[in-house]
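The file upload.cif contains mmCIF, C-alpha atoms:
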data_target
#
loop_
_atom_site.group_PDB
_atom_site.id
_atom_site.type_symbol
_atom_site.label_atom_id
_atom_site.label_comp_id
_atom_site.auth_asym_id
_atom_site.auth_seq_id
_atom_site.Cartn_x
_atom_site.Cartn_y
_atom_site.Cartn_z
ATOM 1 C CA MET A 24 3.134 1.908 -26.518
ATOM 2 C CA ILE A 25 0.454 -0.215 -28.112
ATOM 3 C CA GLY A 26 0.351 -0.381 -31.892
ATOM 4 C CA GLY A 27 2.226 2.908 -32.170
ATOM 5 C CA GLU A 28 -0.243 4.704 -29.880
ATOM 6 C CA SER A 29 0.878 6.115 -26.534
ATOM 7 C CA VAL A 30 -0.632 4.844 -23.295
ATOM 8 C CA GLY A 31 -0.853 6.880 -20.104
ATOM 9 C CA ALA A 32 -2.060 6.100 -16.603
ATOM 10 C CA ILE A 33 -3.667 8.343 -14.026
ATOM 11 C CA LEU A 34 -3.436 7.320 -10.396
ATOM 12 C CA VAL A 35 -6.131 9.282 -8.572
ATOM 13 C CA ALA A 36 -4.913 10.052 -5.052
ATOM 14 C CA ALA A 37 -6.525 13.380 -4.197
ATOM 15 C CA GLY A 38 -9.334 12.276 -1.902
ATOM 16 C CA ARG A 39 -9.858 13.568 1.601
ATOM 17 C CA SER A 40 -10.740 10.214 3.229
ATOM 18 C CA THR A 41 -13.422 11.945 5.299
ATOM 19 C CA ARG A 42 -15.216 8.708 6.178
ATOM 20 C CA MET A 43 -11.976 7.139 7.449
ATOM 21 C CA GLY A 44 -11.001 10.113 9.609
ATOM 22 C CA PHE A 45 -7.394 9.955 8.368
ATOM 23 C CA ASP A 46 -5.692 9.930 4.971
ATOM 24 C CA LYS A 47 -5.906 6.248 4.109
ATOM 25 C CA LEU A 48 -3.572 6.580 1.104
ATOM 26 C CA TRP A 49 -0.669 7.325 3.441
ATOM 27 C CA ALA A 50 -1.565 4.652 5.991
ATOM 28 C CA ASP A 51 0.888 1.789 6.409
ATOM 29 C CA LEU A 52 0.058 -1.393 4.515
ATOM 30 C CA GLY A 53 2.722 -4.061 4.735
ATOM 31 C CA GLY A 54 5.435 -1.535 5.543
ATOM 32 C CA ARG A 55 4.547 0.887 2.742
ATOM 33 C CA PRO A 56 1.961 3.627 2.207
ATOM 34 C CA VAL A 57 -1.219 2.347 0.544
ATOM 35 C CA LEU A 58 -0.541 4.683 -2.400
ATOM 36 C CA SER A 59 2.834 3.082 -3.104
ATOM 37 C CA TRP A 60 1.330 -0.325 -3.944
ATOM 38 C CA SER A 61 -0.652 0.863 -6.974
ATOM 39 C CA LEU A 62 2.092 3.271 -7.939
ATOM 40 C CA SER A 63 4.793 0.602 -8.093
ATOM 41 C CA THR A 64 2.571 -1.796 -10.047
ATOM 42 C CA LEU A 65 1.760 0.855 -12.642
ATOM 43 C CA ALA A 66 5.396 2.026 -12.778
ATOM 44 C CA ALA A 67 6.478 -1.507 -13.702
ATOM 45 C CA CYS A 68 3.943 -1.879 -16.533
ATOM 46 C CA PRO A 69 5.819 -2.111 -19.852
ATOM 47 C CA ALA A 70 2.771 -0.965 -21.856
ATOM 48 C CA LEU A 71 2.741 2.484 -20.218
ATOM 49 C CA ASP A 72 4.433 5.526 -21.705
ATOM 50 C CA ARG A 73 3.325 8.133 -19.138
ATOM 51 C CA LEU A 74 2.232 8.141 -15.508
ATOM 52 C CA ILE A 75 0.425 10.919 -13.641
ATOM 53 C CA VAL A 76 -0.409 10.974 -9.941
ATOM 54 C CA VAL A 77 -3.230 13.326 -9.009
ATOM 55 C CA SER A 78 -2.902 14.370 -5.380
ATOM 56 C CA SER A 79 -4.326 16.866 -2.930
ATOM 57 C CA GLU A 80 -2.624 20.195 -2.403
ATOM 58 C CA ASP A 81 -1.425 19.306 1.086
ATOM 59 C CA ARG A 82 0.152 16.034 -0.137
ATOM 60 C CA GLN A 83 1.821 17.302 -3.359
ATOM 61 C CA ASP A 84 5.360 17.257 -1.929
ATOM 62 C CA GLU A 85 4.987 13.816 -0.361
ATOM 63 C CA ALA A 86 3.438 12.439 -3.547
ATOM 64 C CA TRP A 87 6.272 13.829 -5.657
ATOM 65 C CA ARG A 88 8.905 12.300 -3.349
ATOM 66 C CA LEU A 89 7.194 8.914 -3.604
ATOM 67 C CA VAL A 90 6.898 9.226 -7.391
ATOM 68 C CA GLY A 91 10.581 10.159 -7.608
ATOM 69 C CA ARG A 92 11.561 7.000 -5.732
ATOM 70 C CA SER A 93 9.146 4.661 -7.508
ATOM 71 C CA VAL A 94 8.640 5.697 -11.126
ATOM 72 C CA PRO A 95 11.257 5.355 -13.876
ATOM 73 C CA ALA A 96 12.088 8.474 -15.867
ATOM 74 C CA ARG A 97 10.946 6.785 -19.097
ATOM 75 C CA LEU A 98 7.343 7.323 -17.916
ATOM 76 C CA ARG A 99 7.870 11.090 -17.633
ATOM 77 C CA PRO A 100 6.061 11.060 -14.268
ATOM 78 C CA ARG A 101 4.257 14.093 -12.906
ATOM 79 C CA THR A 102 2.061 14.960 -10.014
ATOM 80 C CA VAL A 103 -0.859 17.267 -10.647
ATOM 81 C CA LEU A 104 -3.252 18.959 -8.278
ATOM 82 C CA GLY A 105 -6.600 17.248 -7.781
ATOM 83 C CA GLY A 106 -9.974 18.934 -7.777
ATOM 84 C CA GLU A 107 -12.929 19.279 -5.451
ATOM 85 C CA ARG A 108 -14.568 16.062 -6.699
ATOM 86 C CA ARG A 109 -13.143 12.842 -8.102
ATOM 87 C CA ARG A 110 -14.285 13.775 -11.595
ATOM 88 C CA ASP A 111 -12.382 17.071 -11.314
ATOM 89 C CA SER A 112 -9.251 15.152 -10.328
ATOM 90 C CA VAL A 113 -9.674 12.766 -13.251
ATOM 91 C CA ALA A 114 -10.120 15.756 -15.576
ATOM 92 C CA ALA A 115 -6.842 17.250 -14.278
ATOM 93 C CA GLY A 116 -5.086 13.951 -14.996
ATOM 94 C CA LEU A 117 -6.611 13.719 -18.461
ATOM 95 C CA GLU A 118 -5.458 17.232 -19.244
ATOM 96 C CA ALA A 119 -1.913 16.271 -18.236
ATOM 97 C CA LEU A 120 -2.096 13.262 -20.583
ATOM 98 C CA SER A 121 -3.706 15.038 -23.538
ATOM 99 C CA ASP A 122 -0.926 13.700 -25.791
ATOM 100 C CA CYS A 123 -1.800 10.044 -25.047
ATOM 101 C CA SER A 124 -4.009 7.938 -27.314
ATOM 102 C CA TRP A 125 -5.154 5.673 -24.465
ATOM 103 C CA VAL A 126 -5.504 6.386 -20.744
ATOM 104 C CA LEU A 127 -5.944 4.033 -17.803
ATOM 105 C CA ILE A 128 -7.512 5.529 -14.658
ATOM 106 C CA HIS A 129 -7.002 3.825 -11.299
ATOM 107 C CA ASP A 130 -8.058 4.814 -7.791
ATOM 108 C CA ALA A 131 -5.071 4.722 -5.422
ATOM 109 C CA ALA A 132 -7.342 3.629 -2.560
ATOM 110 C CA ARG A 133 -7.523 0.218 -4.228
ATOM 111 C CA PRO A 134 -3.973 -1.048 -3.724
ATOM 112 C CA PHE A 135 -4.300 -4.595 -4.985
ATOM 113 C CA ILE A 136 -3.974 -3.918 -8.704
ATOM 114 C CA THR A 137 -1.852 -6.517 -10.468
ATOM 115 C CA ASP A 138 0.163 -6.517 -13.649
ATOM 116 C CA ARG A 139 -1.879 -9.387 -15.120
#
Since I need it in another form, could you write the structure as structure tokens?
Amino acid sequence: MIGGESVGAILVAAGRSTRMGFDKLWADLGGRPVLSWSLSTLAACPALDRLIVVSSEDRQDEAWRLVGRSVPARLRPRTVLGGERRRDSVAAGLEALSDCSWVLIHDAARPFITDR
């Protein structure tokens, strides 16, 4: 919470990775799925009050299992279904965080986010 206002984060992970030919978010990077790097960094952020992962329909179960292992309950984590385009996925995340005053949006395909 910042100044009494709630802060949420959306981790957008619903892409199809068509240019890569495989789902890059679930590819191994240093012994972990690419998605897990951004997820764990956001989960450890003390300024966050909520965390939403937007995933594709075929990866909902896997995403939820990863969220369950990585995100503390204090963040009231959820996975929501992504849309046809990135903007549709962001809109789904924003709808899930409609009670937050501030929202951070991060693309899970960029795993080198830091807490600084």
Selected by the PyMOL selection byres ((chain A and resi 59) around 10) in the shown coordinates: which residues, as a PyMOL selection string?
-> chain A and resi 48-49+51-52+55-58+60-65+86+89-90+92-93+131+134
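Interatomic distance, atom CA of A:Val30 against atom CA of A:Thr137: 17.2 Å.
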Enter the distance from atom CA of A:Ala32 to atom CA of A:Gly44, in Å, rounded to one decimal.
->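 Between atom CA of A:Ala32 and atom CA of A:Gly44 the gap is 28.0 Å.
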Report, as JSON, the axis-aligned box around all atoms of stretch 27-46 of chain A present in the file, extended by 4 Å on each side; give centre and edge lengths in Å to one decimal place.
{"center_x": -6.5, "center_y": 8.2, "center_z": -11.3, "size_x": 25.4, "size_y": 18.7, "size_z": 49.8}
List the neighbours of A:Ser121 out to 12 Å using only C-alpha atoms; skip same-chain residues closer than 4 positions along the sequence, and give me the result as a list in words.
->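 Near A:Ser121, the qualifying residues are Ser29, Val30, Gly31, Ala32, Ile33, Arg73, Ile75, Ala114, Ala115, Gly116, Leu117, Trp125 and Val126 of chain A.
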The PyMOL selection byres ((chain A and resi 82) around 10) resolved against shown file, as a PDB file with C-alpha atoms, in the frame of the given file:
ATOM      1  CA  ALA A  36      -4.913  10.052  -5.052  1.00  0.00           C
ATOM      2  CA  ALA A  37      -6.525  13.380  -4.197  1.00  0.00           C
ATOM      3  CA  ASP A  46      -5.692   9.930   4.971  1.00  0.00           C
ATOM      4  CA  TRP A  49      -0.669   7.325   3.441  1.00  0.00           C
ATOM      5  CA  VAL A  77      -3.230  13.326  -9.009  1.00  0.00           C
ATOM      6  CA  SER A  78      -2.902  14.370  -5.380  1.00  0.00           C
ATOM      7  CA  SER A  79      -4.326  16.866  -2.930  1.00  0.00           C
ATOM      8  CA  GLU A  80      -2.624  20.195  -2.403  1.00  0.00           C
ATOM      9  CA  ASP A  81      -1.425  19.306   1.086  1.00  0.00           C
ATOM     10  CA  GLN A  83       1.821  17.302  -3.359  1.00  0.00           C
ATOM     11  CA  ASP A  84       5.360  17.257  -1.929  1.00  0.00           C
ATOM     12  CA  GLU A  85       4.987  13.816  -0.361  1.00  0.00           C
ATOM     13  CA  ALA A  86       3.438  12.439  -3.547  1.00  0.00           C
ATOM     14  CA  TRP A  87       6.272  13.829  -5.657  1.00  0.00           C
ATOM     15  CA  LEU A 104      -3.252  18.959  -8.278  1.00  0.00           C
TER      16      LEU A 104
END
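Proximity of A:Ala96, A:Leu71, A:Ile136, A:Val76 to A:Val113, computed with all atoms listed in the file, is greatest for A:Val76.
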Tell me, in Å to one decimal, how far atom CA of A:Pro69 is from atom CA of A:Ser112.
-> 24.8 Å
For A:Asp130, which of A:Gly91, A:Asp72, A:Arg109, A:Arg101 is the closest residue, counting only C-alpha atoms?
->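 Between A:Gly91, A:Asp72, A:Arg109, A:Arg101, the residue approaching A:Asp130 most closely is A:Arg109.
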Could you tell me which of A:Glu107, A:Cys68, A:Ala50, A:Ala132 comes closest to A:Val94 if we count all atoms listed in the file?
->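 Between A:Glu107, A:Cys68, A:Ala50, A:Ala132, the residue approaching A:Val94 most closely is A:Cys68.
When only C-alpha atoms are used to measure the gap to A:Arg99, the shortest distance among A:Leu74, A:Leu120, A:Val35, A:Ala67 belongs to A:Leu74.
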